[in-house]
$ cat data_2.csv   # CSV, C-alpha atoms
chain,number,residue,atom,x,y,z
A,120,MET,CA,34.1,35.5,-11.5
A,121,LYS,CA,32.1,34.8,-14.6
A,122,ASP,CA,35.1,33.9,-16.8
A,123,ILE,CA,36.2,31.2,-14.4
A,124,GLN,CA,35.5,27.7,-15.5
A,125,ILE,CA,35.8,24.5,-13.4
A,126,ARG,CA,36.7,21.4,-15.4
A,127,PRO,CA,38.4,18.0,-14.9
A,128,ALA,CA,42.2,18.3,-14.5
A,129,LEU,CA,44.2,17.1,-17.4
A,130,ASP,CA,47.8,15.7,-17.4
A,131,ALA,CA,48.8,18.9,-19.2
A,132,ASP,CA,47.6,21.0,-16.3
A,133,PHE,CA,50.3,19.6,-14.0
A,134,ALA,CA,52.8,22.1,-15.1
A,135,ALA,CA,50.6,24.9,-13.7
A,136,MET,CA,49.5,22.9,-10.6
A,137,TRP,CA,53.0,22.1,-9.4
A,138,PRO,CA,54.1,25.7,-8.7
A,139,ILE,CA,50.8,26.3,-6.8
A,140,PHE,CA,51.5,23.2,-4.7
A,141,GLN,CA,55.1,24.3,-4.1
A,142,ALA,CA,54.1,27.9,-3.2
A,143,LEU,CA,51.5,26.6,-0.7
A,144,VAL,CA,53.5,23.9,1.0
A,145,ALA,CA,56.5,26.3,1.3
A,146,GLY,CA,54.6,28.2,4.0
A,147,GLY,CA,54.4,25.3,6.4
A,148,ASP,CA,51.3,26.8,7.9
A,149,THR,CA,48.3,25.1,6.2
A,150,TYR,CA,49.3,21.8,4.6
A,151,THR,CA,51.1,18.8,6.1
A,152,PHE,CA,53.4,18.3,3.1
A,153,ASP,CA,57.0,19.3,3.7
A,154,ALA,CA,58.4,22.2,1.6
A,155,ASP,CA,60.7,19.8,-0.2
A,156,THR,CA,57.9,17.4,-1.3
A,157,GLY,CA,58.8,16.0,-4.7
A,158,ALA,CA,56.9,16.4,-7.9
A,159,ASP,CA,56.2,12.6,-8.0
A,160,VAL,CA,54.3,12.8,-4.7
A,161,CYS,CA,52.4,15.9,-5.9
A,162,ARG,CA,51.5,14.2,-9.1
A,163,ALA,CA,50.2,11.1,-7.3
A,164,TYR,CA,48.2,13.3,-5.0
A,165,TRP,CA,46.3,14.9,-7.9
A,166,PHE,CA,46.3,12.1,-10.4
A,167,GLY,CA,46.7,8.9,-8.5
A,168,PRO,CA,44.3,5.9,-8.6
A,169,GLY,CA,40.9,6.7,-7.3
A,170,VAL,CA,41.5,10.5,-7.3
A,171,GLN,CA,39.3,12.8,-9.4
A,172,SER,CA,40.7,16.3,-9.7
A,173,TYR,CA,39.2,19.5,-11.0
A,174,VAL,CA,40.8,22.8,-11.8
A,175,ALA,CA,39.5,26.4,-11.9
A,176,VAL,CA,40.7,28.2,-15.0
A,177,MET,CA,40.3,31.9,-15.8
A,178,GLY,CA,39.9,33.1,-19.4
A,179,GLY,CA,40.5,29.6,-20.7
A,180,GLU,CA,44.1,29.6,-19.8
A,181,ARG,CA,45.2,30.7,-16.4
A,182,LEU,CA,44.9,28.0,-13.7
A,183,LEU,CA,43.9,29.6,-10.4
A,184,GLY,CA,43.3,26.5,-8.2
A,185,MET,CA,42.2,22.9,-7.9
A,186,TYR,CA,40.6,20.3,-5.8
A,187,ARG,CA,40.8,16.6,-5.4
A,188,LEU,CA,37.9,14.3,-4.5
A,189,VAL,CA,38.4,10.8,-3.2
A,190,ALA,CA,36.7,8.3,-0.9
A,191,ASN,CA,37.9,8.9,2.6
A,192,GLN,CA,37.8,5.1,3.5
A,193,PRO,CA,37.4,2.0,1.4
A,194,GLY,CA,34.3,-0.3,1.5
A,195,HIS,CA,32.1,0.2,4.6
A,196,GLY,CA,33.3,3.8,4.9
A,197,GLY,CA,33.3,4.5,1.1
A,198,HIS,CA,30.1,6.6,1.3
A,199,VAL,CA,32.1,9.4,2.9
A,200,ALA,CA,34.1,11.6,0.5
A,201,ASN,CA,37.3,13.5,1.3
A,202,ALA,CA,38.5,16.5,-0.6
A,203,ALA,CA,41.4,18.9,-0.6
A,204,PHE,CA,41.8,22.3,-2.1
A,205,MET,CA,44.6,24.5,-3.3
A,206,VAL,CA,44.3,28.1,-4.6
A,207,ASP,CA,47.2,30.1,-6.1
A,208,PRO,CA,48.4,32.6,-3.5
A,209,ALA,CA,48.1,35.3,-6.1
A,210,ALA,CA,44.4,34.5,-6.5
A,211,GLN,CA,43.4,34.1,-2.9
A,212,GLY,CA,40.6,36.1,-1.3
A,213,VAL,CA,38.6,36.6,-4.4
A,214,GLY,CA,36.2,33.6,-4.1
A,215,VAL,CA,38.0,30.9,-6.0
A,216,GLY,CA,38.0,28.6,-2.9
A,217,LEU,CA,34.2,29.1,-2.6
A,218,LEU,CA,33.6,28.3,-6.3
A,219,LEU,CA,35.8,25.1,-6.0
A,220,GLY,CA,34.1,24.1,-2.7
A,221,ARG,CA,30.6,24.4,-4.1
A,222,HIS,CA,31.6,22.5,-7.3
A,223,CYS,CA,33.2,19.8,-5.2
A,224,LEU,CA,30.2,19.3,-3.0
A,225,GLU,CA,27.9,19.1,-6.0
A,226,ARG,CA,30.3,16.6,-7.7
A,227,ALA,CA,30.4,14.5,-4.5
A,228,ARG,CA,26.7,14.2,-4.5
A,229,GLN,CA,26.6,13.4,-8.2
A,230,CYS,CA,29.1,10.6,-7.5
A,231,GLY,CA,26.7,9.1,-4.8
A,232,TYR,CA,28.7,10.1,-1.7
A,233,LEU,CA,26.5,10.6,1.3
A,234,ALA,CA,28.8,12.8,3.4
A,235,MET,CA,32.1,14.7,3.2
A,236,GLN,CA,34.9,14.7,5.7
A,237,PHE,CA,38.0,16.9,6.0
A,238,ASN,CA,40.6,15.0,8.0
A,239,PHE,CA,43.0,17.8,8.8
A,240,VAL,CA,42.1,21.5,8.9
A,241,VAL,CA,44.8,23.5,10.7
A,242,SER,CA,43.1,25.4,13.5
A,243,THR,CA,45.0,28.6,12.8
A,244,ASN,CA,43.9,28.6,9.2
A,245,ILE,CA,40.9,30.9,9.8
A,246,GLY,CA,40.2,31.5,6.2
A,247,ALA,CA,39.6,27.8,5.5
A,248,LEU,CA,37.6,27.3,8.7
A,249,MET,CA,35.2,30.2,7.8
A,250,LEU,CA,34.9,29.0,4.2
A,251,TRP,CA,34.0,25.4,5.2
A,252,LYS,CA,31.5,26.6,7.8
A,253,LYS,CA,29.9,28.8,5.2
A,254,LEU,CA,29.6,25.7,3.0
A,255,GLY,CA,27.9,23.6,5.7
A,256,PHE,CA,30.8,21.8,7.4
A,257,ALA,CA,31.0,21.5,11.2
A,258,VAL,CA,34.0,20.8,13.4
A,259,VAL,CA,33.4,17.2,14.7
A,260,GLY,CA,36.8,16.6,16.3
A,261,THR,CA,39.9,18.3,17.5
A,262,LEU,CA,43.3,16.7,17.1
A,263,PRO,CA,45.5,18.1,19.9
A,264,LYS,CA,48.8,19.5,18.6
A,265,ALA,CA,48.6,17.5,15.4
A,266,PHE,CA,50.2,20.1,13.2
A,267,ARG,CA,53.7,21.4,13.5
A,268,HIS,CA,53.3,25.0,12.3
A,269,ALA,CA,56.4,26.6,10.8
A,270,GLN,CA,55.9,29.8,12.8
A,271,LEU,CA,53.7,28.9,15.7
A,272,GLY,CA,54.9,25.5,16.7
A,273,TYR,CA,52.5,22.7,17.5
A,274,VAL,CA,48.9,23.7,17.0
A,275,ASP,CA,45.6,21.7,16.9
A,276,ALA,CA,43.9,20.5,13.7
A,277,TYR,CA,40.2,20.0,13.2
A,278,VAL,CA,38.2,17.2,11.6
A,279,MET,CA,35.3,18.8,9.7
A,280,TYR,CA,32.2,17.0,8.4
A,281,GLN,CA,29.0,17.4,6.5
A,282,LEU,CA,26.2,15.0,6.0
A,283,PHE,CA,24.3,15.1,2.7
A,284,GLY,CA,20.6,14.7,3.5
A,285,GLU,CA,19.0,12.6,6.2
A,286,PRO,CA,20.9,9.4,7.1
A,287,ASN,CA,17.6,7.5,7.8
A,288,GLN,CA,16.8,8.1,4.1
A,289,TRP,CA,20.2,6.9,2.9
A,290,PRO,CA,20.3,3.8,0.7
A,291,LEU,CA,21.8,0.8,2.4
B,104,MET,CA,50.5,-15.2,27.8
B,105,LYS,CA,54.2,-15.7,28.6
B,106,ASP,CA,54.8,-17.8,25.5
B,107,ILE,CA,53.6,-15.1,23.2
B,108,GLN,CA,56.3,-13.2,21.4
B,109,ILE,CA,55.9,-9.9,19.4
B,110,ARG,CA,58.3,-9.5,16.6
B,111,PRO,CA,58.6,-7.7,13.2
B,112,ALA,CA,56.4,-9.2,10.6
B,113,LEU,CA,58.2,-11.1,7.8
B,114,ASP,CA,57.1,-11.7,4.3
B,115,ALA,CA,56.7,-15.4,5.2
B,116,ASP,CA,54.1,-14.4,7.8
B,117,PHE,CA,51.7,-13.2,5.1
B,118,ALA,CA,50.2,-16.7,4.6
B,119,ALA,CA,49.0,-16.6,8.2
B,120,MET,CA,48.0,-12.9,8.2
B,121,TRP,CA,45.8,-13.2,5.2
B,122,PRO,CA,43.2,-15.6,6.6
B,123,ILE,CA,43.0,-13.4,9.8
B,124,PHE,CA,42.4,-10.3,7.7
B,125,GLN,CA,39.8,-12.2,5.6
B,126,ALA,CA,37.9,-13.5,8.7
B,127,LEU,CA,37.8,-10.0,10.3
B,128,VAL,CA,36.7,-8.1,7.2
B,129,ALA,CA,34.0,-10.8,6.4
B,130,GLY,CA,32.0,-9.5,9.4
B,131,GLY,CA,31.5,-6.0,8.0
B,132,ASP,CA,31.2,-4.7,11.6
B,133,THR,CA,34.6,-3.4,12.6
B,134,TYR,CA,36.9,-2.7,9.6
B,135,THR,CA,36.1,-0.6,6.5
B,136,PHE,CA,37.5,-3.1,4.0
B,137,ASP,CA,35.0,-4.9,2.0
B,138,ALA,CA,34.6,-8.7,2.4
B,139,ASP,CA,36.0,-9.3,-1.0
B,140,THR,CA,39.2,-7.2,-0.6
B,141,GLY,CA,42.0,-8.7,-2.5
B,142,ALA,CA,45.3,-10.2,-1.2
B,143,ASP,CA,47.2,-7.5,-3.0
B,144,VAL,CA,45.5,-4.7,-1.0
B,145,CYS,CA,46.0,-6.7,2.2
B,146,ARG,CA,49.7,-7.2,1.5
B,147,ALA,CA,50.2,-3.5,0.7
B,148,TYR,CA,48.3,-2.6,4.0
B,149,TRP,CA,50.8,-4.7,6.1
B,150,PHE,CA,54.0,-4.4,4.0
B,151,GLY,CA,53.6,-1.3,1.9
B,152,PRO,CA,56.1,1.7,1.9
B,153,GLY,CA,56.4,3.4,5.2
B,154,VAL,CA,54.5,0.7,7.1
B,155,GLN,CA,56.1,-1.2,10.0
B,156,SER,CA,54.2,-4.3,11.1
B,157,TYR,CA,54.6,-6.6,14.1
B,158,VAL,CA,53.0,-10.0,14.7
B,159,ALA,CA,52.1,-11.8,17.9
B,160,VAL,CA,53.2,-15.4,17.8
B,161,MET,CA,52.5,-18.1,20.3
B,162,GLY,CA,54.9,-20.9,20.9
B,163,GLY,CA,57.1,-19.7,18.1
B,164,GLU,CA,54.8,-20.8,15.4
B,165,ARG,CA,51.1,-19.8,15.7
B,166,LEU,CA,50.4,-16.3,14.5
B,167,LEU,CA,47.6,-14.8,16.7
B,168,GLY,CA,47.5,-11.2,15.6
B,169,MET,CA,49.3,-8.2,14.2
B,170,TYR,CA,49.5,-4.4,14.1
B,171,ARG,CA,50.8,-1.8,11.7
B,172,LEU,CA,52.4,1.4,12.6
B,173,VAL,CA,52.6,4.4,10.2
B,174,ALA,CA,52.8,8.2,10.2
B,175,ASN,CA,49.2,9.5,10.1
B,176,GLN,CA,50.2,12.4,7.9
B,177,PRO,CA,53.3,13.4,6.0
B,178,GLY,CA,55.7,16.3,7.0
B,179,HIS,CA,54.1,18.8,9.4
B,180,GLY,CA,51.8,16.1,10.7
B,181,GLY,CA,54.4,13.4,10.7
B,182,HIS,CA,54.9,13.4,14.5
B,183,VAL,CA,51.5,11.7,15.0
B,184,ALA,CA,51.5,8.0,14.5
B,185,ASN,CA,48.6,5.9,13.3
B,186,ALA,CA,48.1,2.2,14.0
B,187,ALA,CA,45.7,-0.6,13.2
B,188,PHE,CA,45.3,-4.0,14.9
B,189,MET,CA,43.9,-7.4,13.9
B,190,VAL,CA,43.6,-10.4,16.2
B,191,ASP,CA,42.5,-13.9,15.0
B,192,PRO,CA,38.9,-14.3,16.0
B,193,ALA,CA,39.8,-17.7,17.6
B,194,ALA,CA,42.3,-15.8,19.9
B,195,GLN,CA,40.1,-12.9,20.9
B,196,GLY,CA,39.3,-12.0,24.5
B,197,VAL,CA,42.5,-13.4,26.0
B,198,GLY,CA,44.6,-10.2,25.9
B,199,VAL,CA,46.4,-10.4,22.6
B,200,GLY,CA,45.1,-6.9,21.6
B,201,LEU,CA,46.3,-5.5,24.9
B,202,LEU,CA,49.8,-7.0,24.4
B,203,LEU,CA,49.9,-5.7,20.8
B,204,GLY,CA,48.6,-2.2,21.9
B,205,ARG,CA,51.2,-1.8,24.6
B,206,HIS,CA,54.0,-3.0,22.2
B,207,CYS,CA,52.8,-0.6,19.5
B,208,LEU,CA,52.7,2.4,21.9
B,209,GLU,CA,56.2,1.6,23.1
B,210,ARG,CA,57.4,1.2,19.5
B,211,ALA,CA,55.8,4.5,18.5
B,212,ARG,CA,57.7,6.3,21.3
B,213,GLN,CA,60.9,4.6,20.3
B,214,CYS,CA,60.4,5.8,16.7
B,215,GLY,CA,60.1,9.4,18.0
B,216,TYR,CA,56.4,9.9,17.5
B,217,LEU,CA,54.8,12.4,19.9
B,218,ALA,CA,51.2,11.2,19.7
B,219,MET,CA,49.0,8.5,18.3
B,220,GLN,CA,45.7,8.8,16.4
B,221,PHE,CA,43.1,6.2,15.4
B,222,ASN,CA,41.1,7.6,12.5
B,223,PHE,CA,38.2,5.3,12.5
B,224,VAL,CA,37.0,3.3,15.5
B,225,VAL,CA,33.5,1.9,14.9
B,226,SER,CA,31.3,3.2,17.7
B,227,THR,CA,29.6,-0.2,18.2
B,228,ASN,CA,32.9,-2.0,18.6
B,229,ILE,CA,32.8,-1.8,22.4
B,230,GLY,CA,35.7,-4.1,22.9
B,231,ALA,CA,38.1,-1.9,20.9
B,232,LEU,CA,36.8,1.3,22.6
B,233,MET,CA,37.3,-0.2,26.1
B,234,LEU,CA,40.8,-1.4,25.1
B,235,TRP,CA,41.9,1.9,23.7
B,236,LYS,CA,40.6,3.8,26.7
B,237,LYS,CA,42.4,1.5,29.0
B,238,LEU,CA,45.6,2.2,27.0
B,239,GLY,CA,45.2,6.0,27.4
B,240,PHE,CA,43.3,7.0,24.3
B,241,ALA,CA,40.4,9.5,24.4
B,242,VAL,CA,37.6,10.0,21.9
B,243,VAL,CA,38.4,13.4,20.3
B,244,GLY,CA,35.9,13.3,17.5
B,245,THR,CA,32.7,11.7,16.3
B,246,LEU,CA,32.1,11.0,12.6
B,247,PRO,CA,28.3,10.8,12.1
B,248,LYS,CA,27.1,7.7,10.3
B,249,ALA,CA,30.6,7.2,8.7
B,250,PHE,CA,30.5,3.4,8.9
B,251,ARG,CA,28.0,1.2,7.0
B,252,HIS,CA,27.7,-1.7,9.5
B,253,ALA,CA,26.7,-5.0,7.8
B,254,GLN,CA,23.9,-5.6,10.4
B,255,LEU,CA,23.1,-2.3,12.0
B,256,GLY,CA,23.2,0.1,9.0
B,257,TYR,CA,24.9,3.4,9.3
B,258,VAL,CA,26.6,4.0,12.6
B,259,ASP,CA,29.1,6.6,13.9
B,260,ALA,CA,32.8,6.2,14.0
B,261,TYR,CA,35.2,7.8,16.5
B,262,VAL,CA,38.5,9.4,16.2
B,263,MET,CA,40.7,8.5,19.2
B,264,TYR,CA,43.9,10.2,20.2
B,265,GLN,CA,46.7,10.1,22.7
B,266,LEU,CA,49.5,12.6,23.4
B,267,PHE,CA,52.9,11.3,24.5
B,268,GLY,CA,54.2,13.6,27.2
B,269,GLU,CA,53.7,17.3,27.4
B,270,PRO,CA,53.5,19.2,24.1
B,271,ASN,CA,55.3,22.2,25.6
B,272,GLN,CA,58.3,19.9,26.0
B,273,TRP,CA,58.2,18.5,22.6
B,274,PRO,CA,61.2,19.1,20.2
B,275,LEU,CA,60.4,21.5,17.4
$ encode --input "data_2.csv" --output "structure tokens"
Amino acid sequence: MKDIQIRPALDADFAAMWPIFQALVAGGDTYTFDADTGADVCRAYWFGPGVQSYVAVMGGERLLGMYRLVANQPGHGGHVANAAFMVDPAAQGVGVGLLLGRHCLERARQCGYLAMQFNFVVSTNIGALMLWKKLGFAVVGTLPKAFRHAQLGYVDAYVMYQLFGEPNQWPL
Amino acid sequence: MKDIQIRPALDADFAAMWPIFQALVAGGDTYTFDADTGADVCRAYWFGPGVQSYVAVMGGERLLGMYRLVANQPGHGGHVANAAFMVDPAAQGVGVGLLLGRHCLERARQCGYLAMQFNFVVSTNIGALMLWKKLGFAVVGTLPKAFRHAQLGYVDAYVMYQLFGEPNQWPL
């Protein structure tokens, strides 16, 4: 993994991000986006206002995955970050998600966030669940039948959450 | 309450919706929006793409409150509705929220939604909690210290949820 670099996403990266997005949403098993989601929606997701995105690149040229970091709520909820991750199906299972997850948590702390929330982790996505638990997240809520899985029908989704430090020591 | 009508919000209603929004966010105790949120953000919240908004009007002219109904997620999560409510502080405690809530649930069913989710109910907002429980919602998740309350500091927020009917009878 030593030749994998994580750096801010550039406009020029979109050409490599778009097929990863398409491949992942085609499954209908992990992301809410429909298979026919347009490139404009994808572009806004990764490069819209208030979004900071990072990509994992191998050998300086091959894009393996990416994450987006945003505030989960405005104003009085703006101390909680939200993030989403996508890894090229061809590069899954080798630790790219773990690298991206660690980088994202560090970046969130640098930006002054005090916690991170995932709003929608599909309950049947065991790989994601295990990864997020390994990185310190806990399931704090269950959304009954909130995901229409392409193969399994309606399944639950989880809300996962992680506090950074002790809330009684947070700045007000 | 018999002279209160609930109807779709019109552009012309914004002049009356804006001061209600401002009065409520000024408190910093129930909504995440900062007190200085601009009118453009408020307008997009009530009249943006994919948003349907309804207003409660008394005697055909006085706007007492409003709700917005949207899909909580795209695509594979698009069967779950999300809604938000605001009632003029001068008209609180007389049942306007209950009227709006019932109307919203009925409207969501009419639109084909199969469940409704509130992403962020401030735990100290007892009036809202009691109202949503009365209307069939349950707390399905707790977001630790996710709200920076203007008086109380960091407090929890709840995710509340309601299924419409039996999921095993939902259309796929």
$ interface_residues --input "data_2.csv" --of "chain A" --to "chain B" --cutoff "6 Å" --atoms "all atoms listed in the file" --output "MDAnalysis selection string"
chainID A and resid 151:153 193:196 259:261 265:267
$ residues_around --input "data_2.csv" --residues "range 203-208 of chain A" --least-positions-apart "2" --cutoff "9 Å" --atoms "all atoms listed in the file" --output "short mmCIF file (atom, residue, chain, number, x, y, z; two decimals) with C-alpha atoms, keeping the file's coordinate frame"
data_model
loop_
_atom_site.label_atom_id
_atom_site.label_comp_id
_atom_site.auth_asym_id
_atom_site.auth_seq_id
_atom_site.Cartn_x
_atom_site.Cartn_y
_atom_site.Cartn_z
CA MET A 136 49.50 22.90 -10.60
CA PRO A 138 54.10 25.70 -8.70
CA ILE A 139 50.80 26.30 -6.80
CA PHE A 140 51.50 23.20 -4.70
CA ALA A 142 54.10 27.90 -3.20
CA LEU A 143 51.50 26.60 -0.70
CA ALA A 175 39.50 26.40 -11.90
CA LEU A 182 44.90 28.00 -13.70
CA LEU A 183 43.90 29.60 -10.40
CA GLY A 184 43.30 26.50 -8.20
CA MET A 185 42.20 22.90 -7.90
CA TYR A 186 40.60 20.30 -5.80
CA ARG A 187 40.80 16.60 -5.40
CA LEU A 188 37.90 14.30 -4.50
CA ASN A 201 37.30 13.50 1.30
CA ALA A 210 44.40 34.50 -6.50
CA GLN A 211 43.40 34.10 -2.90
CA GLY A 212 40.60 36.10 -1.30
CA VAL A 215 38.00 30.90 -6.00
CA GLY A 216 38.00 28.60 -2.90
CA LEU A 219 35.80 25.10 -6.00
CA GLY A 220 34.10 24.10 -2.70
CA PHE A 237 38.00 16.90 6.00
#
$ atom_distance --input "data_2.csv" --atom1 "CA of Ile109 in chain B" --atom2 "CA of Val158 in chain B"
5.5 Å
$ residues_around --input "data_2.csv" --residues "Ala115 in chain B" --least-positions-apart "3" --cutoff "12 Å" --atoms "all atoms listed in the file" --output "ChimeraX atom specification"
/B:111-112,118-121,146,150,158,164,166
$ decode --input "data_2.csv" --residues "range 188-204 of chain B" --atoms "N, CA and C atoms" --output "PDB file, in the first residue's frame"
ATOM      1  N   PHE B 188     -41.211  20.847  10.270  1.00  0.00           N
ATOM      2  CA  PHE B 188     -42.363  21.646  10.649  1.00  0.00           C
ATOM      3  C   PHE B 188     -41.933  22.932  11.334  1.00  0.00           C
ATOM      4  N   MET B 189     -42.673  23.991  11.092  1.00  0.00           N
ATOM      5  CA  MET B 189     -42.467  25.232  11.833  1.00  0.00           C
ATOM      6  C   MET B 189     -43.819  25.858  12.126  1.00  0.00           C
ATOM      7  N   VAL B 190     -44.001  26.269  13.391  1.00  0.00           N
ATOM      8  CA  VAL B 190     -45.241  26.937  13.801  1.00  0.00           C
ATOM      9  C   VAL B 190     -44.868  28.279  14.422  1.00  0.00           C
ATOM     10  N   ASP B 191     -45.570  29.302  14.006  1.00  0.00           N
ATOM     11  CA  ASP B 191     -45.376  30.648  14.558  1.00  0.00           C
ATOM     12  C   ASP B 191     -45.372  30.590  16.091  1.00  0.00           C
ATOM     13  N   PRO B 192     -44.340  31.117  16.748  1.00  0.00           N
ATOM     14  CA  PRO B 192     -44.301  31.075  18.219  1.00  0.00           C
ATOM     15  C   PRO B 192     -45.589  31.619  18.851  1.00  0.00           C
ATOM     16  N   ALA B 193     -46.208  32.592  18.202  1.00  0.00           N
ATOM     17  CA  ALA B 193     -47.443  33.181  18.740  1.00  0.00           C
ATOM     18  C   ALA B 193     -48.623  32.226  18.642  1.00  0.00           C
ATOM     19  N   ALA B 194     -48.497  31.162  17.862  1.00  0.00           N
ATOM     20  CA  ALA B 194     -49.611  30.225  17.666  1.00  0.00           C
ATOM     21  C   ALA B 194     -49.279  28.840  18.208  1.00  0.00           C
ATOM     22  N   GLN B 195     -48.246  28.750  19.050  1.00  0.00           N
ATOM     23  CA  GLN B 195     -47.855  27.425  19.547  1.00  0.00           C
ATOM     24  C   GLN B 195     -48.721  26.994  20.729  1.00  0.00           C
ATOM     25  N   GLY B 196     -48.862  25.682  20.870  1.00  0.00           N
ATOM     26  CA  GLY B 196     -49.598  25.133  22.000  1.00  0.00           C
ATOM     27  C   GLY B 196     -51.093  25.039  21.786  1.00  0.00           C
ATOM     28  N   VAL B 197     -51.555  25.340  20.568  1.00  0.00           N
ATOM     29  CA  VAL B 197     -53.003  25.276  20.327  1.00  0.00           C
ATOM     30  C   VAL B 197     -53.367  24.192  19.308  1.00  0.00           C
ATOM     31  N   GLY B 198     -52.392  23.395  18.901  1.00  0.00           N
ATOM     32  CA  GLY B 198     -52.717  22.253  18.049  1.00  0.00           C
ATOM     33  C   GLY B 198     -52.391  22.407  16.576  1.00  0.00           C
ATOM     34  N   VAL B 199     -51.718  23.488  16.221  1.00  0.00           N
ATOM     35  CA  VAL B 199     -51.375  23.680  14.805  1.00  0.00           C
ATOM     36  C   VAL B 199     -50.380  22.608  14.348  1.00  0.00           C
ATOM     37  N   GLY B 200     -49.417  22.284  15.208  1.00  0.00           N
ATOM     38  CA  GLY B 200     -48.433  21.247  14.875  1.00  0.00           C
ATOM     39  C   GLY B 200     -49.096  19.896  14.651  1.00  0.00           C
ATOM     40  N   LEU B 201     -50.083  19.598  15.483  1.00  0.00           N
ATOM     41  CA  LEU B 201     -50.812  18.335  15.343  1.00  0.00           C
ATOM     42  C   LEU B 201     -51.562  18.281  14.013  1.00  0.00           C
ATOM     43  N   LEU B 202     -52.233  19.384  13.666  1.00  0.00           N
ATOM     44  CA  LEU B 202     -52.934  19.451  12.374  1.00  0.00           C
ATOM     45  C   LEU B 202     -51.960  19.267  11.219  1.00  0.00           C
ATOM     46  N   LEU B 203     -50.854  19.982  11.272  1.00  0.00           N
ATOM     47  CA  LEU B 203     -49.853  19.893  10.205  1.00  0.00           C
ATOM     48  C   LEU B 203     -49.273  18.477  10.138  1.00  0.00           C
ATOM     49  N   GLY B 204     -48.984  17.896  11.292  1.00  0.00           N
ATOM     50  CA  GLY B 204     -48.402  16.552  11.334  1.00  0.00           C
ATOM     51  C   GLY B 204     -49.324  15.520  10.713  1.00  0.00           C
TER      52      GLY B 204
END
